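Student: Structure in structure tokens, see below.
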Amino acid sequence: MPRMSERPYPHEVLLAALGVTLSVALLVVAGASAVSLQVLGATVLFIVSVAVLAKLDGWAHVFRVRLLLAYVATFFFYASVKATIPALGLATRDAWLFSLDARVFGGTTPSVWLQRWSVPWVNEVFSAAYLSFHVYLHLAMLWAVVGPREKAEAFFGQVFAAYVPGIVGYYLVPAVGPVAAFPELFTVPIEGGWVTRLNAMVVASGSSTYDLFPSLHVFITLVLLGHDARANPRRFRWMVPVAGGLFLSTLVLRYHYAVDLLAGVVWFVGFRALYPRLVARWGPLRRAVTVPAPH
């Protein structure tokens, strides 16, 4: 019985394009440095792995491994921002982002104004809300990857295609955030219980340092909600109020400027307009090629 060797998904092409572009830029600016070679090696490994898994598409559940590969590649490109921004010599733009907030919020950024409510129980609530992003993303991803192929492909395609322009934004506007760039503006410390400490640990260990613009907590959450509104209405209804707290938590915990959140909304609107067109154009190009089945 023949099997079908699948051509790349749109999100795989976008991730590969990100890796190739970043590799070339690093080689030109930083030469054959450790960072350049690491990104280049990871990009080549991703492309080769996709090609191999595509040829094995007829084997049961191989497509699930292939979809999870996009998660691994995305996490790598996200985490590498910490090293690639300095390697490329890109300057941070915190002063500019702060100035945009200041024009609207009376000469400052909302995080400064919100510190008047920085008490332990408030920080506990918003730390839990901030962590809910990771819970939402990973539980939704696991739910999708064990489900029917069509639904899994739809979920991974949307989410990990969205991550690419989100990460590109970090290179367009590198920034470290209000509390890191302007610590003198904050006179009240963020104190709380174990949830606050857990969130601080997760951010400290998992942040890519320059991961502000656009806010992926806003952009990717909106992508997840957009998917769930059609594919999982019950989860959508549960997550809408949680998302509201999540968005506000990015300001309460001093990680983002308000303009970062606005950029997340703008990125989402643009993605919702362009991604369906990309899928529609890419569909005919992904017509499978019949090859002999493995024995």
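Scheme for the structure tokens: letters A, B, ... for chains in order shown; per-chain residue numbers from 1; ligand numbers from 1 in order shown.
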As a compact mmCIF listing (two decimals) with N, CA and C atoms, in the first residue's frame, please: all residues of region 191-285 of chain A that backbone DSSP puts in helix (DSSP H, G or I).
Tutor:
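Writing done, so here's result-v3.txt:
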# COMPACT_ATOMS: atom_id res chain seq x y z
N TRP A 194 4.53 31.53 47.44
CA TRP A 194 5.24 30.57 46.60
C TRP A 194 4.91 30.74 45.13
N VAL A 195 3.70 31.20 44.79
CA VAL A 195 3.35 31.39 43.38
C VAL A 195 4.18 32.53 42.78
N THR A 196 4.32 33.60 43.54
CA THR A 196 5.14 34.73 43.09
C THR A 196 6.58 34.31 42.90
N ARG A 197 7.09 33.53 43.84
CA ARG A 197 8.48 33.05 43.74
C ARG A 197 8.64 32.10 42.56
N LEU A 198 7.66 31.23 42.35
CA LEU A 198 7.72 30.30 41.22
C LEU A 198 7.71 31.06 39.90
N ASN A 199 6.85 32.04 39.80
CA ASN A 199 6.79 32.82 38.56
C ASN A 199 8.10 33.55 38.31
N ALA A 200 8.67 34.14 39.36
CA ALA A 200 9.94 34.84 39.21
C ALA A 200 11.04 33.89 38.76
N MET A 201 11.02 32.66 39.27
CA MET A 201 12.02 31.66 38.89
C MET A 201 11.84 31.25 37.43
N VAL A 202 10.59 31.04 37.01
CA VAL A 202 10.31 30.65 35.63
C VAL A 202 10.76 31.74 34.67
N VAL A 203 10.46 32.98 35.01
CA VAL A 203 10.85 34.11 34.15
C VAL A 203 12.37 34.23 34.10
N ALA A 204 13.02 34.11 35.25
CA ALA A 204 14.48 34.26 35.30
C ALA A 204 15.18 33.17 34.50
N SER A 205 14.64 31.95 34.54
CA SER A 205 15.30 30.83 33.86
C SER A 205 14.87 30.68 32.41
N GLY A 206 13.66 31.13 32.08
CA GLY A 206 13.14 30.89 30.75
C GLY A 206 13.07 32.10 29.84
N LEU A 216 4.33 38.34 23.55
CA LEU A 216 3.81 37.04 23.11
C LEU A 216 2.75 36.52 24.08
N HIS A 217 2.78 37.00 25.32
CA HIS A 217 1.70 36.63 26.23
C HIS A 217 0.36 37.14 25.71
N VAL A 218 0.39 38.25 25.00
CA VAL A 218 -0.83 38.76 24.37
C VAL A 218 -1.04 38.11 23.01
N PHE A 219 -0.05 38.20 22.15
CA PHE A 219 -0.17 37.73 20.77
C PHE A 219 -0.52 36.24 20.70
N ILE A 220 0.27 35.39 21.35
CA ILE A 220 0.04 33.95 21.26
C ILE A 220 -1.23 33.55 21.99
N THR A 221 -1.54 34.21 23.11
CA THR A 221 -2.80 33.91 23.79
C THR A 221 -3.99 34.22 22.89
N LEU A 222 -3.93 35.32 22.16
CA LEU A 222 -5.01 35.65 21.23
C LEU A 222 -5.09 34.61 20.11
N VAL A 223 -3.95 34.12 19.66
CA VAL A 223 -3.96 33.06 18.63
C VAL A 223 -4.61 31.80 19.19
N LEU A 224 -4.25 31.45 20.43
CA LEU A 224 -4.86 30.27 21.07
C LEU A 224 -6.36 30.46 21.23
N LEU A 225 -6.77 31.64 21.66
CA LEU A 225 -8.21 31.90 21.83
C LEU A 225 -8.92 31.87 20.48
N GLY A 226 -8.27 32.42 19.45
CA GLY A 226 -8.88 32.39 18.12
C GLY A 226 -9.07 30.97 17.63
N HIS A 227 -8.10 30.12 17.90
CA HIS A 227 -8.24 28.70 17.53
C HIS A 227 -9.36 28.05 18.32
N ASP A 228 -9.38 28.29 19.64
CA ASP A 228 -10.36 27.63 20.49
C ASP A 228 -11.78 28.11 20.25
N ALA A 229 -11.93 29.35 19.82
CA ALA A 229 -13.27 29.87 19.55
C ALA A 229 -13.99 29.01 18.52
N ARG A 230 -13.22 28.42 17.60
CA ARG A 230 -13.80 27.56 16.57
C ARG A 230 -13.69 26.07 16.90
N ALA A 231 -12.53 25.68 17.43
CA ALA A 231 -12.26 24.25 17.60
C ALA A 231 -12.59 23.72 18.99
N PRO A 233 -14.86 25.46 21.83
CA PRO A 233 -15.60 26.58 22.44
C PRO A 233 -15.64 26.53 23.96
N ARG A 234 -15.70 25.34 24.54
CA ARG A 234 -15.75 25.26 26.01
C ARG A 234 -14.47 25.79 26.62
N ARG A 235 -13.33 25.38 26.08
CA ARG A 235 -12.05 25.89 26.59
C ARG A 235 -11.93 27.39 26.35
N PHE A 236 -12.45 27.84 25.23
CA PHE A 236 -12.44 29.27 24.93
C PHE A 236 -13.17 30.06 26.00
N ARG A 237 -14.35 29.58 26.39
CA ARG A 237 -15.14 30.30 27.41
C ARG A 237 -14.41 30.32 28.76
N TRP A 238 -13.74 29.24 29.09
CA TRP A 238 -12.99 29.19 30.34
C TRP A 238 -11.79 30.14 30.32
N MET A 239 -11.16 30.25 29.18
CA MET A 239 -9.88 30.97 29.11
C MET A 239 -10.03 32.47 28.87
N VAL A 240 -11.15 32.95 28.40
CA VAL A 240 -11.31 34.38 28.14
C VAL A 240 -11.09 35.21 29.40
N PRO A 241 -11.75 34.91 30.52
CA PRO A 241 -11.48 35.73 31.72
C PRO A 241 -10.07 35.55 32.24
N VAL A 242 -9.51 34.34 32.11
CA VAL A 242 -8.13 34.12 32.53
C VAL A 242 -7.19 34.98 31.70
N ALA A 243 -7.48 35.07 30.41
CA ALA A 243 -6.63 35.87 29.52
C ALA A 243 -6.64 37.34 29.92
N GLY A 244 -7.77 37.83 30.39
CA GLY A 244 -7.83 39.22 30.83
C GLY A 244 -6.85 39.47 31.98
N GLY A 245 -6.83 38.58 32.95
CA GLY A 245 -5.89 38.70 34.05
C GLY A 245 -4.46 38.52 33.59
N LEU A 246 -4.26 37.63 32.64
CA LEU A 246 -2.92 37.38 32.08
C LEU A 246 -2.36 38.66 31.45
N PHE A 247 -3.18 39.32 30.64
CA PHE A 247 -2.72 40.55 29.97
C PHE A 247 -2.34 41.62 30.99
N LEU A 248 -3.19 41.80 32.00
CA LEU A 248 -2.93 42.82 33.01
C LEU A 248 -1.69 42.46 33.84
N SER A 249 -1.45 41.16 34.02
CA SER A 249 -0.31 40.74 34.83
C SER A 249 1.02 41.17 34.23
N THR A 250 1.09 41.30 32.92
CA THR A 250 2.34 41.71 32.28
C THR A 250 2.74 43.12 32.69
N LEU A 251 1.74 43.93 33.05
CA LEU A 251 2.01 45.30 33.53
C LEU A 251 2.20 45.33 35.04
N VAL A 252 1.35 44.62 35.77
CA VAL A 252 1.44 44.61 37.23
C VAL A 252 2.80 44.08 37.68
N ALA A 258 3.01 49.22 28.02
CA ALA A 258 1.67 49.09 27.44
C ALA A 258 1.74 48.94 25.93
N VAL A 259 2.70 49.60 25.29
CA VAL A 259 2.81 49.52 23.84
C VAL A 259 3.15 48.12 23.38
N ASP A 260 3.81 47.32 24.23
CA ASP A 260 4.09 45.92 23.89
C ASP A 260 2.80 45.13 23.74
N LEU A 261 1.85 45.41 24.64
CA LEU A 261 0.56 44.72 24.59
C LEU A 261 -0.21 45.13 23.35
N LEU A 262 -0.17 46.43 23.04
CA LEU A 262 -0.83 46.92 21.83
C LEU A 262 -0.22 46.27 20.60
N ALA A 263 1.10 46.14 20.59
CA ALA A 263 1.77 45.49 19.46
C ALA A 263 1.32 44.04 19.34
N GLY A 264 1.11 43.37 20.48
CA GLY A 264 0.61 41.99 20.44
C GLY A 264 -0.73 41.91 19.75
N VAL A 265 -1.60 42.88 20.01
CA VAL A 265 -2.91 42.92 19.35
C VAL A 265 -2.75 43.19 17.86
N VAL A 266 -1.88 44.13 17.52
CA VAL A 266 -1.65 44.46 16.10
C VAL A 266 -1.08 43.25 15.37
N TRP A 267 -0.12 42.58 15.97
CA TRP A 267 0.45 41.37 15.35
C TRP A 267 -0.64 40.33 15.12
N PHE A 268 -1.54 40.18 16.10
CA PHE A 268 -2.61 39.19 15.98
C PHE A 268 -3.55 39.54 14.84
N VAL A 269 -3.93 40.80 14.73
CA VAL A 269 -4.83 41.22 13.64
C VAL A 269 -4.17 40.96 12.29
N GLY A 270 -2.89 41.29 12.19
CA GLY A 270 -2.18 41.03 10.94
C GLY A 270 -2.07 39.55 10.64
N PHE A 271 -1.81 38.77 11.68
CA PHE A 271 -1.68 37.32 11.49
C PHE A 271 -3.00 36.71 11.05
N ARG A 272 -4.09 37.13 11.69
CA ARG A 272 -5.41 36.60 11.33
C ARG A 272 -5.78 36.95 9.89
N ALA A 273 -5.26 38.06 9.39
CA ALA A 273 -5.55 38.46 8.02
C ALA A 273 -4.69 37.70 7.02
N LEU A 274 -3.43 37.44 7.37
CA LEU A 274 -2.49 36.88 6.41
C LEU A 274 -2.37 35.36 6.45
N TYR A 275 -2.51 34.76 7.63
CA TYR A 275 -2.28 33.32 7.73
C TYR A 275 -3.25 32.49 6.88
N PRO A 276 -4.55 32.77 6.89
CA PRO A 276 -5.45 31.97 6.02
C PRO A 276 -5.07 32.06 4.55
N ARG A 277 -4.58 33.21 4.12
CA ARG A 277 -4.17 33.36 2.73
C ARG A 277 -2.93 32.52 2.45
N LEU A 278 -2.02 32.50 3.41
CA LEU A 278 -0.83 31.67 3.25
C LEU A 278 -1.21 30.20 3.14
N VAL A 279 -2.10 29.74 4.00
CA VAL A 279 -2.52 28.35 3.97
C VAL A 279 -3.23 28.03 2.65
N ALA A 280 -4.07 28.95 2.19
CA ALA A 280 -4.80 28.72 0.94
C ALA A 280 -3.84 28.62 -0.24
N ARG A 281 -2.81 29.43 -0.25
CA ARG A 281 -1.84 29.40 -1.35
C ARG A 281 -0.91 28.19 -1.23
N TRP A 282 -0.62 27.81 0.00
CA TRP A 282 0.34 26.73 0.22
C TRP A 282 -0.28 25.36 0.02
N GLY A 283 -1.60 25.26 0.24
CA GLY A 283 -2.28 23.96 0.16
C GLY A 283 -1.98 23.17 -1.10
N PRO A 284 -2.18 23.76 -2.27
CA PRO A 284 -1.90 23.00 -3.50
C PRO A 284 -0.44 22.58 -3.64
N LEU A 285 0.48 23.34 -3.04
CA LEU A 285 1.90 23.01 -3.14
C LEU A 285 2.26 21.83 -2.25
Student: Please provide as a PyMOL selection string all residues within 8 Å of region 154-170 of chain A, with the sequence filter that same-chain residues fewer than 3 positions apart are discarded (counting only C-alpha atoms).
Tutor: chain A and resi 9-12+14-15+18+67+70-71+74+77-78+81+141+144+150-151+173-175+210-216+219-220+223-224+227+267+271+275
Student: Residues of the last selection are to be written out with N, CA, C and O atoms, as a CSV table (one decimal), in the first residue's frame.
Tutor:
chain,number,residue,atom,x,y,z
A,9,TYR,N,5.0,21.9,6.0
A,9,TYR,CA,3.9,22.7,6.4
A,9,TYR,C,4.4,24.2,6.3
A,9,TYR,O,5.6,24.5,6.4
A,10,PRO,N,3.4,25.1,6.2
A,10,PRO,CA,3.8,26.5,6.2
A,10,PRO,C,4.6,27.0,7.4
A,10,PRO,O,5.6,27.7,7.3
A,11,HIS,N,4.2,26.5,8.6
A,11,HIS,CA,5.0,26.9,9.8
A,11,HIS,C,6.4,26.3,9.8
A,11,HIS,O,7.3,27.0,10.3
A,12,GLU,N,6.6,25.2,9.1
A,12,GLU,CA,8.0,24.7,9.0
A,12,GLU,C,8.8,25.6,8.1
A,12,GLU,O,10.0,25.8,8.3
A,14,LEU,N,8.3,28.8,7.5
A,14,LEU,CA,8.6,30.0,8.2
A,14,LEU,C,9.7,29.8,9.3
A,14,LEU,O,10.6,30.7,9.4
A,15,LEU,N,9.7,28.7,10.0
A,15,LEU,CA,10.7,28.5,11.0
A,15,LEU,C,12.1,28.3,10.3
A,15,LEU,O,13.1,28.9,10.8
A,18,LEU,N,13.3,31.7,9.1
A,18,LEU,CA,13.8,32.4,10.3
A,18,LEU,C,15.2,32.0,10.6
A,18,LEU,O,16.2,32.8,10.8
A,67,LEU,N,5.3,17.4,14.3
A,67,LEU,CA,4.6,18.6,14.8
A,67,LEU,C,5.3,19.1,16.1
A,67,LEU,O,5.5,20.3,16.3
A,70,ALA,N,8.4,21.2,15.7
A,70,ALA,CA,8.2,22.7,15.5
A,70,ALA,C,8.3,23.4,16.9
A,70,ALA,O,8.8,24.5,17.0
A,71,TYR,N,7.7,22.7,17.9
A,71,TYR,CA,7.8,23.3,19.2
A,71,TYR,C,9.2,23.4,19.7
A,71,TYR,O,9.6,24.4,20.3
A,74,THR,N,11.0,26.2,17.8
A,74,THR,CA,10.5,27.5,18.2
A,74,THR,C,11.1,27.9,19.6
A,74,THR,O,11.5,29.0,19.8
A,77,PHE,N,14.7,29.0,19.0
A,77,PHE,CA,14.9,30.3,18.4
A,77,PHE,C,14.5,31.4,19.4
A,77,PHE,O,15.0,32.5,19.4
A,78,TYR,N,13.5,31.1,20.2
A,78,TYR,CA,13.1,32.0,21.3
A,78,TYR,C,14.2,32.2,22.3
A,78,TYR,O,14.6,33.3,22.6
A,81,VAL,N,17.5,34.2,21.4
A,81,VAL,CA,17.5,35.7,21.4
A,81,VAL,C,18.4,36.3,22.4
A,81,VAL,O,19.0,37.4,22.2
A,141,MET,N,-1.5,22.3,23.6
A,141,MET,CA,-0.6,21.6,22.6
A,141,MET,C,-0.7,20.1,22.8
A,141,MET,O,-0.8,19.4,21.8
A,144,ALA,N,-3.9,18.7,21.5
A,144,ALA,CA,-3.9,18.7,20.1
A,144,ALA,C,-3.1,17.5,19.5
A,144,ALA,O,-3.5,16.8,18.6
A,150,GLU,N,-5.9,16.0,11.5
A,150,GLU,CA,-6.3,17.2,10.9
A,150,GLU,C,-6.4,18.3,12.0
A,150,GLU,O,-6.0,19.5,11.7
A,151,LYS,N,-6.9,18.0,13.2
A,151,LYS,CA,-7.0,19.0,14.2
A,151,LYS,C,-5.6,19.4,14.8
A,151,LYS,O,-5.4,20.5,15.1
A,173,VAL,N,12.6,45.5,17.6
A,173,VAL,CA,12.6,46.4,18.7
A,173,VAL,C,13.1,45.6,20.0
A,173,VAL,O,12.3,45.2,20.8
A,174,PRO,N,14.4,45.5,20.1
A,174,PRO,CA,14.9,44.8,21.3
A,174,PRO,C,14.7,45.6,22.6
A,174,PRO,O,14.9,46.8,22.5
A,175,ALA,N,14.3,45.0,23.6
A,175,ALA,CA,14.1,45.7,24.9
A,175,ALA,C,14.1,44.7,26.1
A,175,ALA,O,13.8,43.6,25.9
A,210,TYR,N,15.4,39.8,25.9
A,210,TYR,CA,14.9,40.9,25.0
A,210,TYR,C,13.5,40.6,24.4
A,210,TYR,O,13.2,41.0,23.3
A,211,ASP,N,12.7,39.9,25.2
A,211,ASP,CA,11.4,39.3,24.7
A,211,ASP,C,10.3,40.2,25.1
A,211,ASP,O,9.4,39.8,25.8
A,212,LEU,N,10.2,41.4,24.5
A,212,LEU,CA,9.2,42.4,24.9
A,212,LEU,C,8.2,42.7,23.8
A,212,LEU,O,7.0,42.7,24.0
A,213,PHE,N,8.7,43.0,22.6
A,213,PHE,CA,7.9,43.6,21.6
A,213,PHE,C,7.8,42.7,20.4
A,213,PHE,O,8.9,42.5,19.7
A,214,PRO,N,6.6,42.2,20.1
A,214,PRO,CA,5.4,42.4,20.8
A,214,PRO,C,5.3,41.4,22.0
A,214,PRO,O,6.1,40.5,22.1
A,215,SER,N,4.4,41.6,22.9
A,215,SER,CA,4.1,40.7,24.0
A,215,SER,C,3.6,39.4,23.4
A,215,SER,O,2.4,39.4,22.9
A,216,LEU,N,4.3,38.3,23.6
A,216,LEU,CA,3.8,37.0,23.1
A,216,LEU,C,2.7,36.5,24.1
A,216,LEU,O,1.9,35.7,23.7
A,219,PHE,N,0.0,38.2,22.2
A,219,PHE,CA,-0.2,37.7,20.8
A,219,PHE,C,-0.5,36.2,20.7
A,219,PHE,O,-1.5,35.8,20.1
A,220,ILE,N,0.3,35.4,21.4
A,220,ILE,CA,0.0,33.9,21.3
A,220,ILE,C,-1.2,33.5,22.0
A,220,ILE,O,-2.0,32.6,21.5
A,223,VAL,N,-4.0,34.1,19.7
A,223,VAL,CA,-4.0,33.1,18.6
A,223,VAL,C,-4.6,31.8,19.2
A,223,VAL,O,-5.4,31.2,18.5
A,224,LEU,N,-4.3,31.4,20.4
A,224,LEU,CA,-4.9,30.3,21.1
A,224,LEU,C,-6.4,30.5,21.2
A,224,LEU,O,-7.1,29.5,21.0
A,227,HIS,N,-8.1,30.1,17.9
A,227,HIS,CA,-8.2,28.7,17.5
A,227,HIS,C,-9.4,28.0,18.3
A,227,HIS,O,-10.2,27.3,17.8
A,267,TRP,N,-0.1,42.6,16.0
A,267,TRP,CA,0.5,41.4,15.4
A,267,TRP,C,-0.6,40.3,15.1
A,267,TRP,O,-0.7,39.7,14.1
A,271,PHE,N,-1.8,38.8,11.7
A,271,PHE,CA,-1.7,37.3,11.5
A,271,PHE,C,-3.0,36.7,11.1
A,271,PHE,O,-3.0,35.9,10.1
A,275,TYR,N,-2.5,34.8,7.6
A,275,TYR,CA,-2.3,33.3,7.7
A,275,TYR,C,-3.2,32.5,6.9
A,275,TYR,O,-2.8,31.6,6.2
Student: Give me the residues near Ala102 (chain A) as a list in words, where near means some atom within 12 Å (using only C-alpha atoms) and where sequence neighbours in that chain fewer than 5 positions away do not count.
Tutor: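 Surrounding residues, per the criterion: Asp94, Ala95, Trp96, Leu97, Gly107, Thr108, Thr109, Pro110, Ser111, Val112, Trp113, Tyr257, Ala258 and Val259 of chain A.
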Student: Deliver the residues from the most recent selection as a file, using all heavy atoms, as a compact mmCIF listing (two decimals), in the first residue's frame.
Tutor:
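Okay, this is what ended up in part.txt:
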# COMPACT_ATOMS: atom_id res chain seq x y z
N ASP A 94 14.36 50.47 24.95
CA ASP A 94 13.50 50.72 26.10
C ASP A 94 13.12 52.19 26.22
O ASP A 94 11.97 52.52 26.57
CB ASP A 94 14.17 50.25 27.38
CG ASP A 94 14.19 48.75 27.51
OD1 ASP A 94 13.22 48.19 28.06
OD2 ASP A 94 15.16 48.13 27.04
N ALA A 95 14.06 53.09 25.98
CA ALA A 95 13.77 54.52 26.11
C ALA A 95 12.67 54.92 25.14
O ALA A 95 11.78 55.72 25.49
CB ALA A 95 15.04 55.33 25.85
N TRP A 96 12.70 54.38 23.94
CA TRP A 96 11.67 54.71 22.95
C TRP A 96 10.31 54.14 23.36
O TRP A 96 9.30 54.84 23.29
CB TRP A 96 12.08 54.15 21.59
CG TRP A 96 11.09 54.42 20.50
CD1 TRP A 96 10.73 55.63 19.99
CD2 TRP A 96 10.31 53.45 19.80
NE1 TRP A 96 9.77 55.48 19.01
CE2 TRP A 96 9.50 54.15 18.86
CE3 TRP A 96 10.23 52.06 19.86
CZ2 TRP A 96 8.62 53.49 18.01
CZ3 TRP A 96 9.35 51.41 18.99
CH2 TRP A 96 8.55 52.13 18.09
N LEU A 97 10.30 52.89 23.82
CA LEU A 97 9.04 52.28 24.25
C LEU A 97 8.46 53.04 25.45
O LEU A 97 7.25 53.27 25.53
CB LEU A 97 9.26 50.81 24.60
CG LEU A 97 9.64 49.89 23.43
CD1 LEU A 97 9.98 48.50 23.94
CD2 LEU A 97 8.51 49.82 22.41
N GLY A 107 3.33 60.76 31.45
CA GLY A 107 4.76 60.85 31.66
C GLY A 107 5.44 59.61 32.20
O GLY A 107 6.62 59.65 32.54
N THR A 108 4.72 58.50 32.29
CA THR A 108 5.31 57.28 32.80
C THR A 108 4.72 56.07 32.09
O THR A 108 3.97 56.20 31.12
CB THR A 108 5.12 57.17 34.32
OG1 THR A 108 5.91 56.08 34.82
CG2 THR A 108 3.67 56.96 34.69
N THR A 109 5.05 54.87 32.56
CA THR A 109 4.50 53.64 32.01
C THR A 109 3.57 53.02 33.04
O THR A 109 3.78 53.22 34.25
CB THR A 109 5.63 52.67 31.62
OG1 THR A 109 5.10 51.55 30.92
CG2 THR A 109 6.40 52.18 32.84
N PRO A 110 2.53 52.30 32.66
CA PRO A 110 1.53 51.81 33.62
C PRO A 110 2.11 51.00 34.77
O PRO A 110 1.56 51.04 35.88
CB PRO A 110 0.62 50.94 32.75
CG PRO A 110 0.70 51.55 31.40
CD PRO A 110 2.12 52.01 31.26
N SER A 111 3.21 50.29 34.56
CA SER A 111 3.78 49.49 35.64
C SER A 111 4.16 50.34 36.84
O SER A 111 4.02 49.92 38.00
CB SER A 111 5.02 48.74 35.14
OG SER A 111 4.67 47.77 34.19
N VAL A 112 4.63 51.54 36.58
CA VAL A 112 5.00 52.45 37.67
C VAL A 112 3.76 52.87 38.45
O VAL A 112 3.75 52.88 39.69
CB VAL A 112 5.74 53.68 37.12
CG1 VAL A 112 6.02 54.68 38.23
CG2 VAL A 112 7.04 53.25 36.44
N TRP A 113 2.72 53.19 37.74
CA TRP A 113 1.47 53.62 38.39
C TRP A 113 0.83 52.48 39.18
O TRP A 113 0.27 52.68 40.25
CB TRP A 113 0.52 54.14 37.31
CG TRP A 113 -0.74 54.71 37.84
CD1 TRP A 113 -0.91 55.92 38.45
CD2 TRP A 113 -2.03 54.10 37.80
NE1 TRP A 113 -2.23 56.10 38.80
CE2 TRP A 113 -2.94 55.00 38.41
CE3 TRP A 113 -2.51 52.89 37.31
CZ2 TRP A 113 -4.29 54.71 38.54
CZ3 TRP A 113 -3.87 52.60 37.44
CH2 TRP A 113 -4.74 53.51 38.06
N TYR A 257 5.86 47.15 28.72
CA TYR A 257 5.27 48.46 28.49
C TYR A 257 3.89 48.23 27.88
O TYR A 257 3.63 47.19 27.26
CB TYR A 257 6.13 49.28 27.54
CG TYR A 257 7.57 49.42 28.00
CD1 TYR A 257 8.56 48.59 27.48
CD2 TYR A 257 7.93 50.37 28.95
CE1 TYR A 257 9.87 48.70 27.90
CE2 TYR A 257 9.24 50.48 29.38
CZ TYR A 257 10.22 49.64 28.85
OH TYR A 257 11.51 49.75 29.27
N ALA A 258 3.01 49.22 28.02
CA ALA A 258 1.67 49.09 27.44
C ALA A 258 1.74 48.94 25.93
O ALA A 258 0.94 48.21 25.33
CB ALA A 258 0.82 50.29 27.83
N VAL A 259 2.70 49.60 25.29
CA VAL A 259 2.81 49.52 23.84
C VAL A 259 3.15 48.12 23.38
O VAL A 259 2.79 47.72 22.27
CB VAL A 259 3.85 50.55 23.33
CG1 VAL A 259 5.26 50.17 23.74
CG2 VAL A 259 3.76 50.70 21.81
Student: From the list A:Val35, A:Leu253, A:Ile47, A:Ala180, which residue is nearest Val119 (chain A) when using only C-alpha atoms?
Tutor: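 So, comparing all the options, the nearest one is A:Leu253.
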